[in-house]
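To start, the structure itself, in structure tokens.
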Amino acid sequence: MGEGLSKEGVIKLVFFLLTLIFFLWIAATSPIQGKILGVVILALVLWSIYPKRHLISSLFVIALLSIFEVSISPQEFIDSLLSTYGGSGLWIIISGFILSEGMESSGLAKRIALWIVTGLGADPNKIILSVAIASFAISPLSPSTTAKAFLMLPICNGLIRAFDVKKGESRYGAAVMIMAMAANNICSTAFLNATVPNPISASYIRNASNVDLGRLEWFQMALPLTLILLFSSWLLCSWMFKPEVKPSKESLERIREFRNSLGSFDSGEVLVTVLFSFSLILWITERFHGLNAGLISLFISLLLFAPKIGVIKMDKFAKGVPYGSITLFAASMFLSKGVGRWGALDPVAESIFNFFSLSRLSLLLFISLAIILSMLLHVVFTSTTVYATVIVPLSISLAGLQGLDPQTLAIPIAFLTPFALILPVNTIPNVIFHSSGYFTQRHMVIYGVLTSLLSAVLIIIAGLPYWAGIGLINI
């Protein structure tokens with residue numbers, strides 16, 4: 001077995017070494033299209049079996065892309081770092097992490113969420129709905145769904161404790177936690193900067209078609225469907241886990257005390273509010289003013305570290321920086337450029353297309369089947385960022401084989417990319433909420449499968465006509 005390696009570790013290592021051997025063979029014997037396909041396969045294996053080592057594996061992927069020059073030359077790398085959101089988007093992701101840390105450190109994000117979840121009174125069903133609304137409100141505040149999960153977790157715990165129920169024995173407790181988990185996924189679909197996979201998907205679509213999904217365009221594309229899906233998921237959650245508790249004076253008083261525990265609005269929260277609002281305006285209007293909103297918002301966010309007026313301690317922030325997530329985003333963006341430029345996944349798509357004789361399907365049946373299967377494929381991924389890097393370009397290739405415009409299939413799948421709700425391991429936020437102990441994996445699987453199928457049906461019935469109506473797709 002070797003020292004320090006468990007049986008699982010040995011299996012992972014052997015699988016990685018076999019993949020590496022395959023990669024070296026395909027890199028040595030194939031043209032550039034095969035080389036980048038090899039990088040995709042190697043990256044998928046690394047990111048899947050070693051999810052806690054994204055920093056090292058992503059740097060390795062970037063190095064391979066640079067060596068082969070399949071997507072970036074040194075000059076392109078520099079240009080991408082200095083480009084606007086239409087390029088790498090790296091700076092806006094970093095500034096988003098800093099601003100979200102400022103919101104957490106100052107208490108502003110918690111105040112916003114608490115104000116919403118306690119604003120509908122003590123009725124259990126309304127509290128469950130308020131959790132969904134609060135998740136929607138904080139969704140654009142940070143590109144990290146993990147940070148937003150950690151923000152909502154203590155709030156959900158407080159709302160559950162207000163009714164004095166037992167962990168693992170309360171339908172109400174399960175409903176609050178599952179709703180928070182589902183909303184964390186669902187609300188990430190509404191805003192381009194709400195989660196890292198969104199700009200990756202937008203980059204693929206931009207490179208493959210004439211559709212440029214900036215912040216406003218993404219918001220227009222996603223908002224109505226996000227709200228419908230969020231409301232539907234609340235109805236399903238309230239039905240599956242009908243609360244056994246009733247509102248009372250005691251529970252209302254506990255909730256009020258919970259809300260008032262933050263005290264009054266202070267200068268730190270004011271500073272964070274001003275800086276975030278200004279950065280948000282820059283991000284939204286970038287297309288009109290032509291400035292690099294990412295770099296500007298990064299410099300603005302650094303004020304949060306300033307002596308006397310800042311709210312973030314550098315040593316605490318440095319320890320909590322998600323270096324792996326940031327590097328994973330950069331690697332995924334560069335990989336997406338290479339995949340799009342050289343059509344690396346075209347052979348895979350063609351093999352799938354021919355093997356299943358997909359050309360025989362009607363247009364609507366083909367699109368519907370692709371959406372449903374793509375939705376269920378979330379179960380084999382441990383990261384929505386990795387999912388976006390692989391599945392979105394594959395959908396673009398399949399659309400071309402069927403004679404569709406690339407965005408006709410890519411937009412529905414891009415919209416559903418952040419929605420990975422079937423298993424705890426599908427995303428870190430899922431693990432966070434599941435570890436609370438208020439619901440079981442069986443509860444999650446049943447609710448997740450039903451909600452996933454509901455989302456796919458919603459896209460087919462309402463999404464496709466809506467996107468066709470606003471000119472995004474042609475069907």
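Residues in the structure tokens are numbered from 1 in each chain, the chains being A, B, ... in the order shown, and ligands are numbered from 1 in the order shown.
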
Every residue of segment 387-434 of chain A that DSSP places in helix (DSSP H, G or I), as an MDAnalysis selection string: chainID A and resid 387:401 406:416 424:426 428:434

Kindly assemble as a Markdown table a list of the segment 139-224 of chain A residues that lie within 8 Å of segment 113-131 of chain A, each paired with its nearest atom pair and their distance in Å to one decimal, using only C-alpha atoms, sorted first by chain and then by ascending residue number.
| residue | atom | partner | partner_atom | distance |
| --- | --- | --- | --- | --- |
| A:Met152 | CA | A:Ala113 | CA | 7.6 |
| A:Ile155 | CA | A:Leu114 | CA | 6.9 |
| A:Cys156 | CA | A:Val131 | CA | 7.7 |
| A:Leu159 | CA | A:Ile127 | CA | 7.8 |
| A:Tyr172 | CA | A:Pro124 | CA | 7.2 |
| A:Ala175 | CA | A:Ile128 | CA | 6.8 |
| A:Val176 | CA | A:Ile128 | CA | 5.3 |
| A:Met179 | CA | A:Ile128 | CA | 6.7 |
| A:Ala180 | CA | A:Val131 | CA | 6.0 |
| A:Ala183 | CA | A:Val131 | CA | 7.9 |

Please produce a file of the residues just selected, as a tab-separated table (two decimals), in the first residue's frame, where the atoms kept are N, CA and C atoms.
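The resulting file, part10.tsv, is reproduced below:
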chain	number	residue	atom	x	y	z
A	152	MET	N	-25.54	31.47	5.36
A	152	MET	CA	-26.93	31.09	5.63
A	152	MET	C	-27.05	30.02	6.71
A	155	ILE	N	-27.89	31.21	10.25
A	155	ILE	CA	-29.21	31.82	10.22
A	155	ILE	C	-30.29	30.75	10.23
A	156	CYS	N	-30.08	29.72	9.42
A	156	CYS	CA	-31.04	28.61	9.39
A	156	CYS	C	-31.08	27.89	10.73
A	159	LEU	N	-33.22	29.96	13.04
A	159	LEU	CA	-34.65	29.86	12.72
A	159	LEU	C	-35.23	28.53	13.17
A	172	TYR	N	-39.85	20.31	9.84
A	172	TYR	CA	-39.60	21.76	9.70
A	172	TYR	C	-38.09	22.03	9.59
A	175	ALA	N	-36.92	20.97	6.22
A	175	ALA	CA	-37.39	21.87	5.17
A	175	ALA	C	-36.55	23.13	5.10
A	176	VAL	N	-36.22	23.72	6.26
A	176	VAL	CA	-35.42	24.95	6.27
A	176	VAL	C	-34.05	24.70	5.66
A	179	MET	N	-34.30	23.77	1.87
A	179	MET	CA	-34.64	24.95	1.08
A	179	MET	C	-33.43	25.86	0.92
A	180	ALA	N	-32.65	26.03	1.99
A	180	ALA	CA	-31.44	26.86	1.90
A	180	ALA	C	-30.45	26.25	0.91
A	183	ALA	N	-31.93	26.65	-2.67
A	183	ALA	CA	-31.90	28.05	-3.09
A	183	ALA	C	-30.48	28.50	-3.41

Residues within 12 Å of Ile300 of chain A, only C-alpha atoms, excluding chain neighbours under 3 positions, as a list in words: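 Everything that qualifies: Trp91, Ile92, Ile94, Ser95, Gly96, Ile98, Leu99, Gly102, Leu271, Val272, Val274, Leu275, Phe276, Ser277, Phe278, Ser279, Leu280, Leu282, Ala293, Gly294, Leu295, Ile296, Ser297, Leu303, Leu304, Phe305, Ala306 and Gly310 of chain A.
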
Among listed residues A:Asn292, A:Asn185, A:Ser170, A:Ser105, nearest Ser135 of chain A (using only C-alpha atoms):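 Closest candidate: A:Asn185.
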
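Residues lying within 12 Å of Val379 of chain A, counting only C-alpha atoms and ignoring same-chain neighbours fewer than 3 positions away, are A:Ser48, A:Leu373, A:Ser374, A:Met375, A:Leu376, A:Thr382, A:Ser383, A:Thr384, A:Tyr387, A:Thr417, A:Phe419, A:Ala420, A:Leu421, A:Ile422, A:Leu423, A:Pro424, A:Val425, A:Asn426, A:Thr427, A:Val445, A:Gly448, A:Val449, A:Ser452.
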
Those same residues - C-alpha atoms - I'd like them written as a short mmCIF file (atom, residue, chain, number, x, y, z; two decimals), in the first residue's frame.
data_model
loop_
_atom_site.label_atom_id
_atom_site.label_comp_id
_atom_site.auth_asym_id
_atom_site.auth_seq_id
_atom_site.Cartn_x
_atom_site.Cartn_y
_atom_site.Cartn_z
CA SER A 48 -12.67 14.99 -9.83
CA LEU A 373 -29.60 13.92 -19.46
CA SER A 374 -27.30 16.90 -18.91
CA MET A 375 -29.23 17.75 -15.77
CA LEU A 376 -28.87 14.24 -14.40
CA THR A 382 -18.04 17.11 -7.72
CA SER A 383 -17.78 20.67 -9.05
CA THR A 384 -20.13 22.78 -11.15
CA TYR A 387 -19.18 20.44 -15.15
CA THR A 417 -25.14 24.29 -14.77
CA PHE A 419 -28.05 23.44 -10.22
CA ALA A 420 -26.42 20.32 -8.72
CA LEU A 421 -28.75 19.11 -6.00
CA ILE A 422 -28.94 15.32 -6.14
CA LEU A 423 -26.02 14.25 -3.92
CA PRO A 424 -24.14 15.98 -1.09
CA VAL A 425 -20.81 15.50 -2.90
CA ASN A 426 -21.97 17.38 -6.01
CA THR A 427 -20.97 20.72 -4.46
CA VAL A 445 -31.78 12.40 -3.29
CA GLY A 448 -33.00 16.62 -5.61
CA VAL A 449 -34.15 14.24 -8.36
CA SER A 452 -33.89 18.49 -11.09
#

Distance criterion (only C-alpha atoms): nearest to Lys316 of chain A out of A:Leu345, A:Glu101, A:Val270, A:Ile371: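 Ranking A:Leu345, A:Glu101, A:Val270, A:Ile371 by distance to Lys316 of chain A, first place goes to A:Glu101.
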
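If you look at atom CA of Val61 of chain A and atom CA of Ala331 of chain A, they are 6.4 Å away from each other.
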
Val196 of chain A surroundings by only C-alpha atoms, 9 Å radius, close-in-sequence under 6 positions cut, as a PyMOL selection string: chain A and resi 93+143-145+325-326+329+384-385+418

Could you write out that same residue set with N, CA and C atoms as a short mmCIF file (atom, residue, chain, number, x, y, z; two decimals), in the first residue's frame?
data_model
loop_
_atom_site.label_atom_id
_atom_site.label_comp_id
_atom_site.auth_asym_id
_atom_site.auth_seq_id
_atom_site.Cartn_x
_atom_site.Cartn_y
_atom_site.Cartn_z
N ILE A 93 -13.55 38.26 -10.25
CA ILE A 93 -13.74 37.15 -9.32
C ILE A 93 -12.99 37.43 -8.02
N PRO A 143 -19.14 35.54 -5.74
CA PRO A 143 -19.08 34.43 -6.70
C PRO A 143 -18.89 33.08 -6.02
N SER A 144 -18.80 33.09 -4.70
CA SER A 144 -18.57 31.85 -3.97
C SER A 144 -19.86 31.32 -3.36
N THR A 145 -20.38 30.23 -3.89
CA THR A 145 -21.56 29.61 -3.30
C THR A 145 -21.24 29.01 -1.93
N SER A 325 -9.99 27.78 -5.82
CA SER A 325 -11.16 28.13 -6.63
C SER A 325 -10.80 29.17 -7.68
N ILE A 326 -9.99 30.17 -7.29
CA ILE A 326 -9.59 31.21 -8.23
C ILE A 326 -8.74 30.61 -9.36
N PHE A 329 -10.84 28.57 -11.69
CA PHE A 329 -11.56 29.42 -12.62
C PHE A 329 -10.66 29.84 -13.78
N THR A 384 -19.38 22.21 -10.03
CA THR A 384 -20.13 22.78 -11.15
C THR A 384 -19.20 23.51 -12.12
N THR A 385 -18.05 23.96 -11.63
CA THR A 385 -17.06 24.59 -12.52
C THR A 385 -16.52 23.57 -13.51
N PRO A 418 -25.35 25.57 -12.63
CA PRO A 418 -25.12 25.70 -11.18
C PRO A 418 -26.03 24.81 -10.34
#

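Across the model, the gap from atom CA of Ala174 of chain A to atom CA of Tyr438 of chain A is 4.9 Å.
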
Within 10 Å of segment 212-218 of chain A: each segment 278-317 of chain A residue with its shortest pair, only C-alpha atoms, as a Markdown table:
| residue | atom | partner | partner_atom | distance |
| --- | --- | --- | --- | --- |
| A:Trp283 | CA | A:Arg215 | CA | 7.6 |
| A:Ile284 | CA | A:Arg215 | CA | 5.9 |
| A:Thr285 | CA | A:Arg215 | CA | 8.6 |
| A:Glu286 | CA | A:Arg215 | CA | 9.0 |
| A:Arg287 | CA | A:Gly214 | CA | 8.0 |

Requested write-out: C-alpha atoms of the selected residues, as a PDB file, in the first residue's frame:
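Listing of again.pdb after writing:
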ATOM      1  CA  TRP A 283     -19.821  45.664 -13.444  1.00  0.00           C
ATOM      2  CA  ILE A 284     -23.291  46.231 -14.866  1.00  0.00           C
ATOM      3  CA  THR A 285     -22.323  49.211 -17.029  1.00  0.00           C
ATOM      4  CA  GLU A 286     -18.949  47.903 -18.232  1.00  0.00           C
ATOM      5  CA  ARG A 287     -20.197  47.492 -21.779  1.00  0.00           C
TER       6      ARG A 287
END
